$ cat data_26.cif   # mmCIF, C-alpha atoms
data_model
#
loop_
_atom_site.group_PDB
_atom_site.id
_atom_site.type_symbol
_atom_site.label_atom_id
_atom_site.label_comp_id
_atom_site.auth_asym_id
_atom_site.auth_seq_id
_atom_site.Cartn_x
_atom_site.Cartn_y
_atom_site.Cartn_z
ATOM 1 C CA MET E 1 6.077 15.585 13.834
ATOM 2 C CA GLU E 2 8.130 18.354 15.432
ATOM 3 C CA GLU E 3 6.004 19.898 18.177
ATOM 4 C CA ALA E 4 8.376 22.367 19.864
ATOM 5 C CA PRO E 5 9.010 25.899 18.602
ATOM 6 C CA ARG E 6 12.425 26.729 17.148
ATOM 7 C CA TYR E 7 14.801 28.544 19.514
ATOM 8 C CA LEU E 8 18.197 30.196 19.182
ATOM 9 C CA SER E 9 20.530 30.124 22.195
ATOM 10 C CA ALA E 10 23.958 31.610 22.903
ATOM 11 C CA ALA E 11 26.194 32.194 25.895
ATOM 12 C CA VAL E 12 26.514 35.918 26.567
ATOM 13 C CA GLU E 13 30.062 36.978 25.711
ATOM 14 C CA PRO E 14 32.103 38.236 28.705
ATOM 15 C CA GLU E 15 32.621 41.661 27.153
ATOM 16 C CA ARG E 16 28.832 42.114 26.996
ATOM 17 C CA ASP E 17 28.407 41.729 30.763
ATOM 18 C CA GLY E 18 25.781 44.222 31.960
ATOM 19 C CA GLN E 19 24.351 45.002 28.526
ATOM 20 C CA ARG E 20 20.628 45.011 27.831
ATOM 21 C CA VAL E 21 19.104 41.863 26.396
ATOM 22 C CA ASP E 22 17.914 43.585 23.210
ATOM 23 C CA ARG E 23 21.403 44.929 22.484
ATOM 24 C CA ILE E 24 22.969 41.482 22.961
ATOM 25 C CA ALA E 25 20.315 39.863 20.770
ATOM 26 C CA ARG E 26 20.999 42.312 17.950
ATOM 27 C CA SER E 27 24.781 42.652 18.092
ATOM 28 C CA GLN E 28 25.855 39.156 19.176
ATOM 29 C CA MET E 29 23.078 36.951 17.804
ATOM 30 C CA GLY E 30 22.085 38.973 14.740
ATOM 31 C CA VAL E 31 18.401 39.145 15.645
ATOM 32 C CA SER E 32 16.425 42.083 14.288
ATOM 33 C CA GLY E 33 14.356 44.483 16.328
ATOM 34 C CA THR E 34 11.311 43.359 14.352
ATOM 35 C CA LEU E 35 11.666 39.769 15.540
ATOM 36 C CA LEU E 36 12.238 40.878 19.137
ATOM 37 C CA ARG E 37 9.052 42.941 19.058
ATOM 38 C CA ARG E 38 7.095 39.935 17.775
ATOM 39 C CA VAL E 39 8.268 37.433 20.399
ATOM 40 C CA LYS E 40 8.810 39.544 23.513
ATOM 41 C CA TRP E 41 5.162 39.102 24.539
ATOM 42 C CA LEU E 42 5.412 35.308 24.580
ATOM 43 C CA ASP E 43 6.091 33.376 27.780
ATOM 44 C CA ASP E 44 8.990 31.639 26.048
ATOM 45 C CA GLY E 45 9.935 34.533 23.762
ATOM 46 C CA ILE E 46 13.086 35.774 25.534
ATOM 47 C CA ARG E 47 14.780 33.890 28.376
ATOM 48 C CA LEU E 48 17.980 34.139 30.391
ATOM 49 C CA ASP E 49 19.083 30.825 31.901
ATOM 50 C CA GLY E 50 15.549 29.580 31.291
ATOM 51 C CA VAL E 51 13.804 32.498 33.042
ATOM 52 C CA ARG E 52 11.584 34.873 31.104
ATOM 53 C CA VAL E 53 13.016 38.398 30.818
ATOM 54 C CA THR E 54 12.196 41.618 29.000
ATOM 55 C CA THR E 55 14.275 43.368 26.370
ATOM 56 C CA ARG E 56 15.274 45.947 28.974
ATOM 57 C CA ASP E 57 16.774 43.461 31.434
ATOM 58 C CA ARG E 58 20.539 43.202 31.633
ATOM 59 C CA ALA E 59 22.543 40.009 31.301
ATOM 60 C CA ARG E 60 25.721 38.739 32.867
ATOM 61 C CA GLY E 61 28.580 37.292 30.893
ATOM 62 C CA GLY E 62 28.217 33.524 30.578
ATOM 63 C CA GLN E 63 24.435 33.459 30.967
ATOM 64 C CA THR E 64 22.488 31.648 28.247
ATOM 65 C CA LEU E 65 20.196 33.906 26.239
ATOM 66 C CA THR E 66 17.442 32.033 24.405
ATOM 67 C CA LEU E 67 15.140 33.583 21.808
ATOM 68 C CA ARG E 68 12.133 32.019 20.163
ATOM 69 C CA LEU E 69 12.378 32.075 16.377
ATOM 70 C CA SER E 70 9.009 30.518 15.553
ATOM 71 C CA ASP E 71 6.327 33.164 15.339
ATOM 72 C CA PRO E 72 2.854 31.977 16.425
ATOM 73 C CA GLY E 73 0.026 32.320 13.962
ATOM 74 C CA GLU E 74 2.191 32.650 10.873
ATOM 75 C CA GLY E 75 0.960 30.841 7.794
ATOM 76 C CA GLU E 76 -2.618 30.574 9.054
ATOM 77 C CA SER E 77 -3.893 32.876 6.318
ATOM 78 C CA MET E 78 -2.364 30.806 3.497
ATOM 79 C CA THR E 79 -4.347 27.908 2.061
ATOM 80 C CA ALA E 80 -2.590 24.547 2.383
ATOM 81 C CA ALA E 81 -2.572 22.345 -0.728
ATOM 82 C CA ALA E 82 -1.334 18.745 -0.972
ATOM 83 C CA ILE E 83 0.883 19.271 -4.018
ATOM 84 C CA PRO E 84 3.908 16.982 -4.537
ATOM 85 C CA LEU E 85 7.273 18.673 -3.979
ATOM 86 C CA ASP E 86 10.821 17.714 -4.928
ATOM 87 C CA ILE E 87 12.625 18.652 -1.704
ATOM 88 C CA ARG E 88 16.409 18.487 -1.906
ATOM 89 C CA TYR E 89 17.197 19.522 1.685
ATOM 90 C CA GLU E 90 15.224 20.329 4.820
ATOM 91 C CA ASP E 91 15.785 21.186 8.464
ATOM 92 C CA ARG E 92 13.869 23.329 10.958
ATOM 93 C CA ASP E 93 15.273 26.560 9.500
ATOM 94 C CA ILE E 94 15.199 26.179 5.710
ATOM 95 C CA VAL E 95 14.009 23.999 2.870
ATOM 96 C CA VAL E 96 15.637 23.756 -0.557
ATOM 97 C CA VAL E 97 13.211 22.700 -3.257
ATOM 98 C CA ASN E 98 13.543 21.893 -6.942
ATOM 99 C CA LYS E 99 10.611 23.963 -8.206
ATOM 100 C CA ALA E 100 8.681 22.590 -11.141
ATOM 101 C CA PRO E 101 8.094 24.864 -14.157
ATOM 102 C CA GLY E 102 4.591 26.288 -14.178
ATOM 103 C CA MET E 103 4.410 26.652 -10.395
ATOM 104 C CA SER E 104 4.173 30.173 -8.976
ATOM 105 C CA THR E 105 6.301 31.022 -5.964
ATOM 106 C CA HIS E 106 3.567 33.019 -4.204
ATOM 107 C CA PRO E 107 -0.218 32.725 -4.313
ATOM 108 C CA GLY E 108 -1.712 35.234 -6.731
ATOM 109 C CA PRO E 109 -4.406 35.794 -9.355
ATOM 110 C CA GLY E 110 -5.209 32.482 -11.010
ATOM 111 C CA HIS E 111 -2.905 30.634 -8.614
ATOM 112 C CA TRP E 112 -4.317 31.216 -5.148
ATOM 113 C CA GLU E 113 -4.114 27.546 -4.163
ATOM 114 C CA ASP E 114 -1.440 25.897 -6.330
ATOM 115 C CA SER E 115 1.710 27.912 -5.586
ATOM 116 C CA LEU E 116 4.889 26.804 -3.856
ATOM 117 C CA GLY E 117 3.660 28.676 -0.771
ATOM 118 C CA ASN E 118 0.470 26.604 -0.683
ATOM 119 C CA ALA E 119 2.394 23.359 -1.141
ATOM 120 C CA LEU E 120 4.954 24.109 1.583
ATOM 121 C CA THR E 121 2.230 25.230 3.966
ATOM 122 C CA TRP E 122 0.608 21.796 3.649
ATOM 123 C CA HIS E 123 3.990 20.053 3.913
ATOM 124 C CA TRP E 124 4.823 21.842 7.151
ATOM 125 C CA GLN E 125 1.391 21.228 8.630
ATOM 126 C CA GLN E 126 2.206 17.511 8.479
ATOM 127 C CA ARG E 127 5.686 17.873 10.002
ATOM 128 C CA ASP E 128 6.280 21.125 11.883
ATOM 129 C CA PRO E 129 3.304 23.312 12.859
ATOM 130 C CA PHE E 130 5.678 26.107 13.916
ATOM 131 C CA ALA E 131 7.184 26.539 10.433
ATOM 132 C CA ALA E 132 5.727 28.993 7.921
ATOM 133 C CA PHE E 133 6.404 30.173 4.377
ATOM 134 C CA HIS E 134 9.141 32.840 4.279
ATOM 135 C CA PRO E 135 10.611 32.983 0.760
ATOM 136 C CA VAL E 136 14.149 34.316 0.458
ATOM 137 C CA HIS E 137 14.107 34.870 -3.302
ATOM 138 C CA ARG E 138 11.703 33.930 -6.065
ATOM 139 C CA LEU E 139 11.649 32.195 -9.398
ATOM 140 C CA ASP E 140 9.317 33.211 -12.205
ATOM 141 C CA ARG E 141 6.444 30.800 -12.715
ATOM 142 C CA GLY E 142 8.014 29.372 -15.862
ATOM 143 C CA THR E 143 11.481 28.983 -14.348
ATOM 144 C CA SER E 144 12.430 25.589 -12.950
ATOM 145 C CA GLY E 145 15.066 24.592 -10.441
ATOM 146 C CA LEU E 146 16.534 25.274 -7.049
ATOM 147 C CA MET E 147 15.303 27.825 -4.558
ATOM 148 C CA VAL E 148 15.494 28.158 -0.792
ATOM 149 C CA VAL E 149 12.625 29.042 1.541
ATOM 150 C CA ALA E 150 13.021 29.949 5.212
ATOM 151 C CA ALA E 151 10.804 28.413 7.877
ATOM 152 C CA HIS E 152 10.874 31.445 10.181
ATOM 153 C CA PRO E 153 11.626 35.203 9.959
ATOM 154 C CA PHE E 154 15.136 34.997 11.445
ATOM 155 C CA ALA E 155 16.361 32.598 8.751
ATOM 156 C CA GLN E 156 14.651 34.636 6.046
ATOM 157 C CA GLU E 157 16.280 37.864 7.183
ATOM 158 C CA ARG E 158 19.765 36.372 7.499
ATOM 159 C CA LEU E 159 19.575 34.816 4.033
ATOM 160 C CA ARG E 160 18.204 37.953 2.410
ATOM 161 C CA GLN E 161 21.119 39.903 3.860
ATOM 162 C CA SER E 162 23.501 37.493 2.128
ATOM 163 C CA LEU E 163 21.872 37.669 -1.321
ATOM 164 C CA HIS E 164 24.312 38.652 -4.080
ATOM 165 C CA THR E 165 27.300 38.038 -1.824
ATOM 166 C CA GLY E 166 29.781 35.167 -1.646
ATOM 167 C CA ASP E 167 27.591 33.588 1.047
ATOM 168 C CA PHE E 168 24.661 33.125 -1.330
ATOM 169 C CA ARG E 169 25.381 32.224 -4.931
ATOM 170 C CA ARG E 170 22.964 31.124 -7.635
ATOM 171 C CA GLN E 171 23.818 29.883 -11.095
ATOM 172 C CA TYR E 172 21.169 29.733 -13.787
ATOM 173 C CA LEU E 173 21.160 27.778 -17.022
ATOM 174 C CA ALA E 174 19.431 29.239 -20.062
ATOM 175 C CA VAL E 175 18.940 28.231 -23.666
ATOM 176 C CA CYS E 176 18.789 31.306 -25.854
ATOM 177 C CA GLU E 177 18.451 31.967 -29.549
ATOM 178 C CA GLY E 178 21.591 32.905 -31.451
ATOM 179 C CA THR E 179 25.179 33.289 -30.301
ATOM 180 C CA LEU E 180 26.431 35.496 -27.501
ATOM 181 C CA THR E 181 29.635 37.342 -28.355
ATOM 182 C CA PRO E 182 32.029 37.297 -26.624
ATOM 183 C CA SER E 183 31.468 33.843 -25.160
ATOM 184 C CA GLU E 184 32.008 35.120 -21.617
ATOM 185 C CA GLY E 185 31.347 38.493 -20.111
ATOM 186 C CA VAL E 186 29.353 40.873 -17.923
ATOM 187 C CA ILE E 187 26.092 42.519 -18.921
ATOM 188 C CA ASP E 188 25.857 45.820 -17.035
ATOM 189 C CA LEU E 189 22.684 47.507 -18.253
ATOM 190 C CA PRO E 190 20.022 49.297 -16.140
ATOM 191 C CA ILE E 191 16.506 47.870 -16.098
ATOM 192 C CA ASP E 192 13.255 49.794 -15.709
ATOM 193 C CA ARG E 193 9.541 49.143 -16.147
ATOM 194 C CA CYS E 194 8.047 49.474 -19.595
ATOM 195 C CA PRO E 195 5.723 52.474 -19.421
ATOM 196 C CA ASP E 196 2.904 50.675 -21.251
ATOM 197 C CA SER E 197 3.018 47.376 -19.287
ATOM 198 C CA ILE E 198 2.535 46.303 -15.689
ATOM 199 C CA GLN E 199 4.586 43.143 -16.197
ATOM 200 C CA LYS E 200 7.236 43.906 -18.791
ATOM 201 C CA ARG E 201 10.679 45.408 -18.158
ATOM 202 C CA GLN E 202 13.259 46.956 -20.461
ATOM 203 C CA VAL E 203 16.832 48.199 -20.566
ATOM 204 C CA ALA E 204 16.561 51.956 -20.122
ATOM 205 C CA PRO E 205 18.735 54.870 -18.977
ATOM 206 C CA GLY E 206 17.830 55.817 -15.442
ATOM 207 C CA GLY E 207 16.684 52.305 -14.593
ATOM 208 C CA GLN E 208 17.929 50.290 -11.638
ATOM 209 C CA PRO E 209 21.547 49.070 -11.859
ATOM 210 C CA SER E 210 21.474 45.478 -13.146
ATOM 211 C CA VAL E 211 24.500 43.212 -13.588
ATOM 212 C CA THR E 212 24.550 39.685 -15.025
ATOM 213 C CA ARG E 213 27.657 37.531 -15.534
ATOM 214 C CA TYR E 214 27.425 34.927 -18.279
ATOM 215 C CA ARG E 215 29.443 32.125 -19.867
ATOM 216 C CA VAL E 216 28.486 30.164 -22.982
ATOM 217 C CA LEU E 217 28.694 26.431 -22.261
ATOM 218 C CA ALA E 218 27.631 24.999 -25.609
ATOM 219 C CA GLN E 219 26.241 25.982 -28.992
ATOM 220 C CA ALA E 220 24.088 23.881 -31.305
ATOM 221 C CA ARG E 221 21.668 24.507 -34.158
ATOM 222 C CA GLY E 222 21.616 28.263 -33.787
ATOM 223 C CA ARG E 223 21.114 28.215 -30.005
ATOM 224 C CA SER E 224 23.352 28.656 -26.987
ATOM 225 C CA LEU E 225 23.400 27.024 -23.568
ATOM 226 C CA VAL E 226 24.507 29.716 -21.138
ATOM 227 C CA ALA E 227 25.427 29.739 -17.439
ATOM 228 C CA LEU E 228 24.534 32.993 -15.673
ATOM 229 C CA GLU E 229 25.028 34.512 -12.233
ATOM 230 C CA LEU E 230 23.225 37.571 -10.934
ATOM 231 C CA GLU E 231 24.974 40.360 -9.079
ATOM 232 C CA THR E 232 21.633 42.152 -8.715
ATOM 233 C CA GLY E 233 18.117 40.780 -8.483
ATOM 234 C CA ARG E 234 15.825 42.732 -10.796
ATOM 235 C CA THR E 235 12.540 41.346 -12.067
ATOM 236 C CA HIS E 236 13.084 39.334 -15.275
ATOM 237 C CA GLN E 237 16.753 40.388 -15.240
ATOM 238 C CA ILE E 238 18.183 37.476 -17.248
ATOM 239 C CA ARG E 239 15.311 37.537 -19.732
ATOM 240 C CA VAL E 240 15.602 41.296 -20.304
ATOM 241 C CA HIS E 241 19.392 41.319 -20.606
ATOM 242 C CA LEU E 242 19.591 38.440 -23.088
ATOM 243 C CA SER E 243 16.721 39.790 -25.177
ATOM 244 C CA HIS E 244 18.361 43.210 -25.317
ATOM 245 C CA LEU E 245 21.505 41.560 -26.737
ATOM 246 C CA GLY E 246 19.429 39.925 -29.464
ATOM 247 C CA CYS E 247 19.509 36.454 -27.870
ATOM 248 C CA PRO E 248 16.131 35.979 -26.132
ATOM 249 C CA LEU E 249 15.380 32.809 -24.225
ATOM 250 C CA VAL E 250 13.774 30.123 -26.345
ATOM 251 C CA GLY E 251 10.037 30.133 -25.641
ATOM 252 C CA ASP E 252 10.011 33.535 -23.945
ATOM 253 C CA TYR E 253 6.528 34.846 -24.781
ATOM 254 C CA LEU E 254 7.279 38.272 -23.251
ATOM 255 C CA TYR E 255 10.746 39.119 -24.564
ATOM 256 C CA GLY E 256 11.134 36.743 -27.499
ATOM 257 C CA THR E 257 8.896 34.388 -29.483
ATOM 258 C CA PRO E 258 6.529 31.782 -27.993
ATOM 259 C CA CYS E 259 7.411 28.226 -28.964
ATOM 260 C CA PRO E 260 4.626 26.070 -27.434
ATOM 261 C CA GLU E 261 5.165 23.107 -29.736
ATOM 262 C CA VAL E 262 8.707 22.712 -28.340
ATOM 263 C CA ILE E 263 8.687 24.295 -24.876
ATOM 264 C CA ASP E 264 5.793 25.977 -23.085
ATOM 265 C CA ARG E 265 7.908 28.327 -20.953
ATOM 266 C CA PRO E 266 11.004 30.521 -21.141
ATOM 267 C CA ALA E 267 14.033 28.199 -21.180
ATOM 268 C CA LEU E 268 15.488 29.158 -17.802
ATOM 269 C CA HIS E 269 16.562 26.879 -14.943
ATOM 270 C CA SER E 270 18.092 27.496 -11.516
ATOM 271 C CA GLY E 271 20.828 24.893 -11.707
ATOM 272 C CA ARG E 272 23.139 25.559 -8.776
ATOM 273 C CA LEU E 273 22.638 27.037 -5.319
ATOM 274 C CA GLU E 274 25.306 27.704 -2.682
ATOM 275 C CA LEU E 275 24.632 29.317 0.686
ATOM 276 C CA ALA E 276 25.804 29.702 4.235
ATOM 277 C CA HIS E 277 23.193 28.230 6.577
ATOM 278 C CA PRO E 278 21.453 31.136 8.356
ATOM 279 C CA VAL E 279 21.729 29.573 11.828
ATOM 280 C CA THR E 280 24.712 27.209 11.811
ATOM 281 C CA GLY E 281 26.833 28.971 9.202
ATOM 282 C CA ALA E 282 27.560 25.631 7.467
ATOM 283 C CA ARG E 283 28.253 25.840 3.736
ATOM 284 C CA LEU E 284 25.622 24.075 1.638
ATOM 285 C CA ALA E 285 25.717 23.436 -2.106
ATOM 286 C CA PHE E 286 23.106 21.894 -4.406
ATOM 287 C CA GLN E 287 23.003 21.145 -8.114
ATOM 288 C CA GLN E 288 20.073 20.299 -10.376
ATOM 289 C CA PRO E 289 20.750 19.098 -13.939
ATOM 290 C CA LEU E 290 19.307 20.724 -17.022
ATOM 291 C CA PRO E 291 15.687 19.526 -17.403
ATOM 292 C CA ALA E 292 14.697 17.433 -20.396
ATOM 293 C CA ASP E 293 12.575 20.097 -22.105
ATOM 294 C CA MET E 294 15.547 22.479 -22.195
ATOM 295 C CA ALA E 295 18.073 19.818 -23.210
ATOM 296 C CA ALA E 296 15.860 18.928 -26.179
ATOM 297 C CA LEU E 297 16.234 22.479 -27.508
ATOM 298 C CA LEU E 298 19.878 21.731 -28.285
ATOM 299 C CA ASP E 299 19.032 18.462 -30.030
ATOM 300 C CA GLY E 300 17.278 19.818 -33.084
ATOM 301 C CA GLN E 301 13.758 20.675 -31.909
ATOM 302 C CA HIS E 302 12.752 23.954 -33.558
ATOM 303 C CA CYS E 303 9.726 26.193 -33.497
ATOM 304 C CA SER E 304 7.451 26.022 -36.502
#
$ encode --input "data_26.cif" --output "structure tokens"
Amino acid sequence: MEEAPRYLSAAVEPERDGQRVDRIARSQMGVSGTLLRRVKWLDDGIRLDGVRVTTRDRARGGQTLTLRLSDPGEGESMTAAAIPLDIRYEDRDIVVVNKAPGMSTHPGPGHWEDSLGNALTWHWQQRDPFAAFHPVHRLDRGTSGLMVVAAHPFAQERLRQSLHTGDFRRQYLAVCEGTLTPSEGVIDLPIDRCPDSIQKRQVAPGGQPSVTRYRVLAQARGRSLVALELETGRTHQIRVHLSHLGCPLVGDYLYGTPCPEVIDRPALHSGRLELAHPVTGARLAFQQPLPADMAALLDGQHCS
């Protein structure tokens, strides 16, 4: 078990000689003011050459500035649940998990103790008591596949800043009804809430800008296997865009037709994830094949 908090250290650049610690932390190390305010009260929160300092102290070029990234007390309010997880990668900053369909990302009504947050809270309690659940993005409960979760606020913030950039790319796989024409393109249609539904969204003038790139990979038996990348991150974006084009996801109870005898969820899977590590900057890439329930949709299984 890891028993030490997570720290971030850097040698103060010569040109920053005489600058305040908080300015160096923000501009050189990329630490937010929010994190500084949360750790500055701790004995090991902010240190220069191993000595505790305040945000107002000034540093000399070449000194080592160390900041605590682990925030005490985080995660204590979330119930831990011993739920099996398919973890594809893990270090003290992030975890990449292959989320099972049917699992909610966050605790919520009807799922207060069986979400990904509950499962990771238990996982970290066994391994790293200083880690806590800080999701970077989310997958709908019915969506399977890859997602990344940060173990502390610094990693979460850095990754969120990189969403929808070349440093954080996600490719989804979907099986939809019908044929998309052309076979490759960009769906640029604004999305807004449906006025008569808390959950449902729709394409509507005046909605939030929403852009989805797609490419048809295969077609069989009146269905299409499609690869999609998001340039924006609206709720239900892929489901709304494909449904609006007349090609809803197979099994999509909200935007298409339920198909419980074949698949009990919308046929959507997070199949590829690429990111720059929030602390080291290393490029990471992961791939998760199409799950069996979605592959079967192209092999002749049809709704009754």
$ resolve_selection --input "data_26.cif" --expression "the PyMOL selection byres ((chain E and resi 54) around 10)" --output "VMD selection string"
chain E and resid 20 to 22 36 40 to 41 45 to 48 52 to 53 55 to 58
$ resolve_selection --input "data_26.cif" --expression "the PyMOL selection byres ((chain E and resi 96) around 12)" --output "count of residues only"
37
$ closest_residue --input "data_26.cif" --among "E:Glu261, E:Asp43, E:Asp299, E:Glu113" --to "Arg223 in chain E" --atoms "all atoms listed in the file"
E:Asp299
$ resolve_selection --input "data_26.cif" --expression "the PyMOL selection byres ((chain E and resi 168-170) around 7)" --output "PyMOL selection string"
chain E and resi 162-167+171-172+229+272-276
$ closest_residue --input "data_26.cif" --among "E:Ala267, E:Ala4, E:Cys176, E:Leu69" --to "Leu225 in chain E" --atoms "all atoms listed in the file"
E:Cys176
$ closest_residue --input "data_26.cif" --among "E:Leu254, E:Ile263, E:Ala132, E:Leu139" --to "Ser77 in chain E" --atoms "all atoms listed in the file"
E:Ala132
$ closest_residue --input "data_26.cif" --among "E:His123, E:Arg138, E:Arg215, E:Arg158" --to "Arg234 in chain E" --atoms "all atoms listed in the file"
E:Arg138
$ closest_residue --input "data_26.cif" --among "E:Leu298, E:Ile238, E:Cys194, E:Ala131" --to "Gly222 in chain E" --atoms "all atoms listed in the file"
E:Leu298
$ atom_distance --input "data_26.cif" --atom1 "CA of Gly207 in chain E" --atom2 "CA of Met103 in chain E"
28.7 Å
